[in-house]
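Trainee: The following block contains the structure, expressed as structure tokens.
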Amino acid sequence: MTTSSCKAKAPEIITFGCRLNTYESEVIRDLLKETHTEQQTLVFNTCGVTAEAVRQAKQSIRRARRENPEARIVVAGCAVQMDADSFAQMSEIDLILGNEEKLKAESYTFEPGTERVRVNDIMSIKETALHLIQGFENRVRAFIQVQNGCDHRCTFCRIPYGRGNSRSVPVGEIVTQIQSLVTQGCQEVVLTGVDITDYGKDLPGAPTLGEMIARVLKLVPQLSRMRLSSLDPVEVDDTLMQLITSEKRLMPHLHISLQAGDDMVLKRMKRRHLRADVIAFCESVRSKRPDVVFGADIIAGFPTETDEMFANTLALVEECNLTFLHVFPYSAHKETPAARMPQVPSQVIKERARQLRAVGDRQLTAFLHTQVGQDVQLVVEQGNTGHTDHFAQVKIHGQSALGSIMTGQVMGIEGHVLQVSV
């Protein structure tokens, strides 16, 4: 969860979940930036990816009401879209908005007689309108929505019912958005979506993700750096693979939507890849761009996962040298097929998540030690911090200017933070 707030009595946006939600929270901020009233407005942009995410959101809403008894509380996002009724029963909430409604200025009205719950049928949405934003706080790194929704039905996931079917933003609108941000000093953009490797299938001419990125990089030569959110390794098209391995403005840090490293678990999840596909993808990229680092999303304790199956996932982390792990203890979400499968005991799930995090910690530490003594390029963020090309976090020692791209030498490590002299 991240919290973003403006000055007193301006609306405050509380964001849960993914990078796409982060982008949409900035859209909401722009919609409400002229709204300054004596009554504080709190907007909760929720995540519905797991039952735990929904529980945390509701807990935060209740706490916010206790701490701000006079505030107007708006709750929006995926958790609401998928289960509006349960949120409607919460007396702490003044206004409930679905994923389409939350991106419309007219939705944020509190006149007497207006509906408290405003949630449409997300499956009826056929287009993704790109909501142009004026720039993120600090104007250093921006998340750009290029796609929304998902046409796949993994057995553990309800996100398609929160986001709808896959819809892509036209290339020209993406170019316009990025050009606007770059003219304001944005150095780096992160292309986000629910399933970005599915990009373009619904657009005229069916451009691939790689073809879209190639066009953006050509038409916005002033853009210094680009990153991609989670990739499905078997859906990386030829153009994207060529860009990943040769385009220096595409950062050498890729995040794989892995979920598991055992074929039986992957099949029961209804993923599109198998273990060998992930290994082949990592090997192919590294053969042409040896400095690349990989991160991955992994679910610990998926239903029916045995010790042997879990061992295969642990082994894959080391075999593919995965560096940045996002570990999710499995949390059954009602109405998903996985919730009806034989469940792994909760204590086993917690222990497997602990082991995965420990392996991830070792992998990250080993990578960071390879950076000591090296010159690295970084983007300067708040408080003399930043991230390298590989997305390693840095603390800057020396003179730096917010938003600038600098080169410095790694002098050491504190925790998981590189200490860089500039």
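Within each chain, counting starts at residue 1; across the structure tokens, chains are named A, B, ... in the order shown, with ligands numbered 1 upward in that order.
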Go through segment 236-296 of chain A and flag each residue having an atom no more than 12 Å from segment 366-377 of chain A; for those, report the closest pair of atoms plus their distance in Å to one decimal, using only C-alpha atoms, ordered by chain and rising number, as CSV.

Mentor:
```
residue,atom,partner,partner_atom,distance
A:Met251,CA,A:Gln377,CA,10.9
A:Pro252,CA,A:Gln377,CA,11.9
A:Asp291,CA,A:Phe367,CA,10.8
A:Val292,CA,A:Phe367,CA,11.1
A:Val293,CA,A:Phe367,CA,8.8
A:Phe294,CA,A:Phe367,CA,10.9
A:Gly295,CA,A:Phe367,CA,12.0
```

Trainee: Segment 68-212 of chain A: which residues are alpha helix (DSSP H) by DSSP, as a ChimeraX atom specification?

Mentor: /A:78-82,84-88,159-163,171-183,209-212

Trainee: Can you list, as a list in words, every protein, DNA or RNA residue that comes within 9 Å of Met241 of chain A when you count only C-alpha atoms, leaving out same-chain residues fewer than 5 positions away?

Mentor: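 Counting only C-alpha atoms, the residues come to Gly210, Val236, Ser246 and Val285 of chain A.
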
Trainee: Pull N, CA and C atoms from the residues just selected and write them as a compact mmCIF listing (two decimals), in the first residue's frame.

Mentor:
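And here's again-v7.txt as it stands now:
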```
# COMPACT_ATOMS: atom_id res chain seq x y z
N GLY A 210 5.98 -5.42 -28.88
CA GLY A 210 7.28 -5.01 -29.41
C GLY A 210 7.16 -3.94 -30.48
N VAL A 236 6.31 -13.15 -25.45
CA VAL A 236 7.23 -12.11 -25.91
C VAL A 236 7.44 -12.28 -27.40
N SER A 246 18.86 -5.52 -27.52
CA SER A 246 19.73 -4.57 -28.23
C SER A 246 19.46 -3.10 -27.94
N VAL A 285 17.76 -14.43 -23.53
CA VAL A 285 18.02 -13.01 -23.29
C VAL A 285 19.46 -12.82 -22.83
```

Trainee: If we count only C-alpha atoms and set the cut-off at 8 Å, which residues sit around Leu418 of chain A, ignoring sequence neighbours fewer than 4 positions away in its own chain? Please answer as a PyMOL selection string.

Mentor: chain A and resi 368+372+392-395+410-414

Trainee: I need the residues from that last selection saved to file as a PDB file, in the first residue's frame (with C-alpha atoms), if you can.

Mentor:
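Okay, out_33.pdb is ready:
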```
ATOM      1  CA  LEU A 368      24.463  -6.392  -5.240  1.00  0.00           C
ATOM      2  CA  VAL A 372      30.607  -2.987  -5.658  1.00  0.00           C
ATOM      3  CA  ALA A 392      18.847  -1.726  -7.606  1.00  0.00           C
ATOM      4  CA  GLN A 393      18.100   0.874  -4.940  1.00  0.00           C
ATOM      5  CA  VAL A 394      20.880   3.378  -4.242  1.00  0.00           C
ATOM      6  CA  LYS A 395      21.808   6.005  -1.685  1.00  0.00           C
ATOM      7  CA  VAL A 410      29.364   1.816  -5.919  1.00  0.00           C
ATOM      8  CA  MET A 411      31.394   2.080  -2.728  1.00  0.00           C
ATOM      9  CA  GLY A 412      29.538  -0.505  -0.645  1.00  0.00           C
ATOM     10  CA  ILE A 413      26.208  -1.944   0.502  1.00  0.00           C
ATOM     11  CA  GLU A 414      23.994  -1.207   3.490  1.00  0.00           C
TER      12      GLU A 414
END
```

Trainee: At a cut-off of 12 Å, using only C-alpha atoms, what residues contact Gln59 of chain A? Leave out same-chain residues fewer than 4 positions from it and give the result as a list in words.

Mentor: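 What passes the distance filter is Phe44, Thr46, Glu52, Ala53, Val54, Arg55, Arg63, Ala64, Arg65, Arg66, Phe87, Met90 and Glu92 of chain A.
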
Trainee: So that I can see what lies close to Thr50 of chain A, please list as a PyMOL selection string the residues with an atom at most 12 Å from it, counting only C-alpha atoms and leaving out residues fewer than 2 positions away in the same chain.

Mentor: chain A and resi 16-17+46-48+52-57+78-79+82+156-159+162+299+328-336+338-339

Trainee: Just the selected residues (N, CA and C atoms), exported as a tab-separated table (two decimals), in the first residue's frame, please.

Mentor:
```tsv
chain	number	residue	atom	x	y	z
A	16	PHE	N	-3.63	0.69	-3.14
A	16	PHE	CA	-3.24	-0.69	-2.88
A	16	PHE	C	-2.91	-1.36	-4.21
A	17	GLY	N	-1.99	-2.34	-4.17
A	17	GLY	CA	-1.84	-3.23	-5.31
A	17	GLY	C	-0.83	-2.81	-6.35
A	46	THR	N	-8.55	0.27	-4.35
A	46	THR	CA	-8.31	-1.05	-3.78
A	46	THR	C	-7.78	-2.06	-4.79
A	47	CYS	N	-7.23	-3.15	-4.23
A	47	CYS	CA	-6.76	-4.30	-5.00
A	47	CYS	C	-7.60	-5.51	-4.61
A	48	GLY	N	-7.91	-6.36	-5.56
A	48	GLY	CA	-8.70	-7.56	-5.27
A	48	GLY	C	-7.99	-8.84	-5.65
A	52	GLU	N	-6.58	-11.63	1.09
A	52	GLU	CA	-5.82	-10.83	2.06
A	52	GLU	C	-5.77	-9.37	1.64
A	53	ALA	N	-5.63	-9.10	0.35
A	53	ALA	CA	-5.62	-7.71	-0.13
A	53	ALA	C	-6.94	-7.02	0.18
A	54	VAL	N	-8.04	-7.73	0.01
A	54	VAL	CA	-9.36	-7.17	0.32
A	54	VAL	C	-9.49	-6.92	1.82
A	55	ARG	N	-9.02	-7.87	2.63
A	55	ARG	CA	-9.09	-7.71	4.09
A	55	ARG	C	-8.30	-6.47	4.54
A	56	GLN	N	-7.11	-6.31	3.99
A	56	GLN	CA	-6.28	-5.16	4.36
A	56	GLN	C	-6.96	-3.84	3.98
A	57	ALA	N	-7.59	-3.82	2.81
A	57	ALA	CA	-8.28	-2.60	2.37
A	57	ALA	C	-9.41	-2.25	3.34
A	78	CYS	N	-10.47	-2.61	-7.90
A	78	CYS	CA	-10.78	-3.99	-8.24
A	78	CYS	C	-11.59	-4.71	-7.18
A	79	ALA	N	-11.23	-4.52	-5.90
A	79	ALA	CA	-11.98	-5.20	-4.85
A	79	ALA	C	-13.44	-4.80	-4.87
A	82	MET	N	-15.33	-6.32	-7.98
A	82	MET	CA	-15.62	-7.75	-7.89
A	82	MET	C	-16.61	-8.09	-6.78
A	156	PHE	N	-6.35	-19.31	-10.05
A	156	PHE	CA	-6.25	-18.63	-8.75
A	156	PHE	C	-6.70	-17.18	-8.82
A	157	CYS	N	-7.06	-16.70	-9.99
A	157	CYS	CA	-7.18	-15.25	-10.21
A	157	CYS	C	-8.60	-14.82	-10.56
A	158	ARG	N	-9.03	-13.71	-9.95
A	158	ARG	CA	-10.33	-13.11	-10.29
A	158	ARG	C	-10.17	-11.75	-10.96
A	159	ILE	N	-8.94	-11.36	-11.25
A	159	ILE	CA	-8.70	-10.03	-11.80
A	159	ILE	C	-9.47	-9.76	-13.09
A	162	GLY	N	-12.49	-8.06	-12.30
A	162	GLY	CA	-12.32	-6.71	-11.80
A	162	GLY	C	-11.91	-5.74	-12.88
A	299	ILE	N	3.94	-17.58	-6.35
A	299	ILE	CA	2.93	-17.92	-5.35
A	299	ILE	C	3.42	-19.11	-4.53
A	328	PHE	N	4.18	-14.23	-2.94
A	328	PHE	CA	2.81	-14.10	-2.46
A	328	PHE	C	2.38	-15.41	-1.82
A	329	PRO	N	2.17	-15.46	-0.50
A	329	PRO	CA	1.58	-16.66	0.10
A	329	PRO	C	0.20	-16.87	-0.51
A	330	TYR	N	-0.10	-18.08	-0.94
A	330	TYR	CA	-1.40	-18.33	-1.57
A	330	TYR	C	-2.53	-17.98	-0.62
A	331	SER	N	-3.50	-17.26	-1.13
A	331	SER	CA	-4.69	-16.86	-0.38
A	331	SER	C	-5.90	-17.19	-1.23
A	332	ALA	N	-6.70	-18.13	-0.77
A	332	ALA	CA	-7.86	-18.58	-1.56
A	332	ALA	C	-8.85	-17.44	-1.75
A	333	HIS	N	-9.22	-17.21	-2.99
A	333	HIS	CA	-10.23	-16.20	-3.30
A	333	HIS	C	-11.50	-16.93	-3.70
A	334	LYS	N	-12.57	-16.63	-3.01
A	334	LYS	CA	-13.82	-17.33	-3.29
A	334	LYS	C	-14.19	-17.22	-4.76
A	335	GLU	N	-14.85	-18.24	-5.24
A	335	GLU	CA	-15.35	-18.29	-6.62
A	335	GLU	C	-14.24	-18.56	-7.65
A	336	THR	N	-13.02	-18.84	-7.21
A	336	THR	CA	-11.98	-19.25	-8.15
A	336	THR	C	-11.88	-20.77	-8.13
A	338	ALA	N	-9.28	-22.59	-8.02
A	338	ALA	CA	-8.25	-23.03	-7.09
A	338	ALA	C	-8.78	-23.14	-5.67
A	339	ALA	N	-9.76	-22.34	-5.32
A	339	ALA	CA	-10.32	-22.38	-3.96
A	339	ALA	C	-11.04	-23.69	-3.70
```

Trainee: Please provide the set of residues having any atom within 9 Å of Arg268 of chain A, restricted to only C-alpha atoms, with same-chain residues fewer than 6 positions apart removed, written as number ranges by chain.

Mentor: A: 154-155, 303-304, 338

Trainee: For N, CA and C atoms, I'd like the residues from the last selection saved as an mmCIF file, in the first residue's frame.

Mentor:
```
data_model
loop_
_atom_site.group_PDB
_atom_site.id
_atom_site.type_symbol
_atom_site.label_atom_id
_atom_site.label_comp_id
_atom_site.auth_asym_id
_atom_site.auth_seq_id
_atom_site.Cartn_x
_atom_site.Cartn_y
_atom_site.Cartn_z
ATOM 1 N N CYS A 154 -6.634 -17.804 -15.263
ATOM 2 C CA CYS A 154 -5.837 -18.611 -14.343
ATOM 3 C C CYS A 154 -6.722 -19.033 -13.172
ATOM 4 N N THR A 155 -6.498 -20.206 -12.661
ATOM 5 C CA THR A 155 -7.431 -20.780 -11.686
ATOM 6 C C THR A 155 -7.391 -20.087 -10.325
ATOM 7 N N PRO A 303 -2.680 -24.650 -4.035
ATOM 8 C CA PRO A 303 -3.351 -25.918 -3.717
ATOM 9 C C PRO A 303 -2.727 -27.109 -4.449
ATOM 10 N N THR A 304 -2.588 -28.206 -3.746
ATOM 11 C CA THR A 304 -2.020 -29.491 -4.191
ATOM 12 C C THR A 304 -0.497 -29.454 -4.281
ATOM 13 N N ALA A 338 -9.284 -22.588 -8.024
ATOM 14 C CA ALA A 338 -8.247 -23.028 -7.090
ATOM 15 C C ALA A 338 -8.780 -23.138 -5.665
#
```

Trainee: Using DSSP on the backbone, list every residue of segment 137-195 of chain A that comes out as strand (DSSP E), and give them as a ChimeraX atom specification.

Mentor: /A:141-145,147-148,167-168,188-192

Trainee: Pick out the closest residue to Ile196 of chain A from this set: A:Val75, A:Leu20, A:Val43, A:Leu322. Count only C-alpha atoms.

Mentor: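 Selected residue with least distance to Ile196 of chain A: A:Leu20.
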
Trainee: Atom CA of Val216 of chain A and atom CA of His273 of chain A are how many Å apart?

Mentor: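 Computed distance, atom CA of Val216 of chain A to atom CA of His273 of chain A, equals 28.1 Å.
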
Trainee: Using atom CA of Arg118 of chain A and atom CA of Asn21 of chain A as the two end points, give the distance in Å to one decimal.

Mentor: 18.4 Å

Trainee: What is the atom CA of Val146 of chain A to atom CA of Val169 of chain A distance in Å?

Mentor: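 Between atom CA of Val146 of chain A and atom CA of Val169 of chain A the gap is 5.1 Å.
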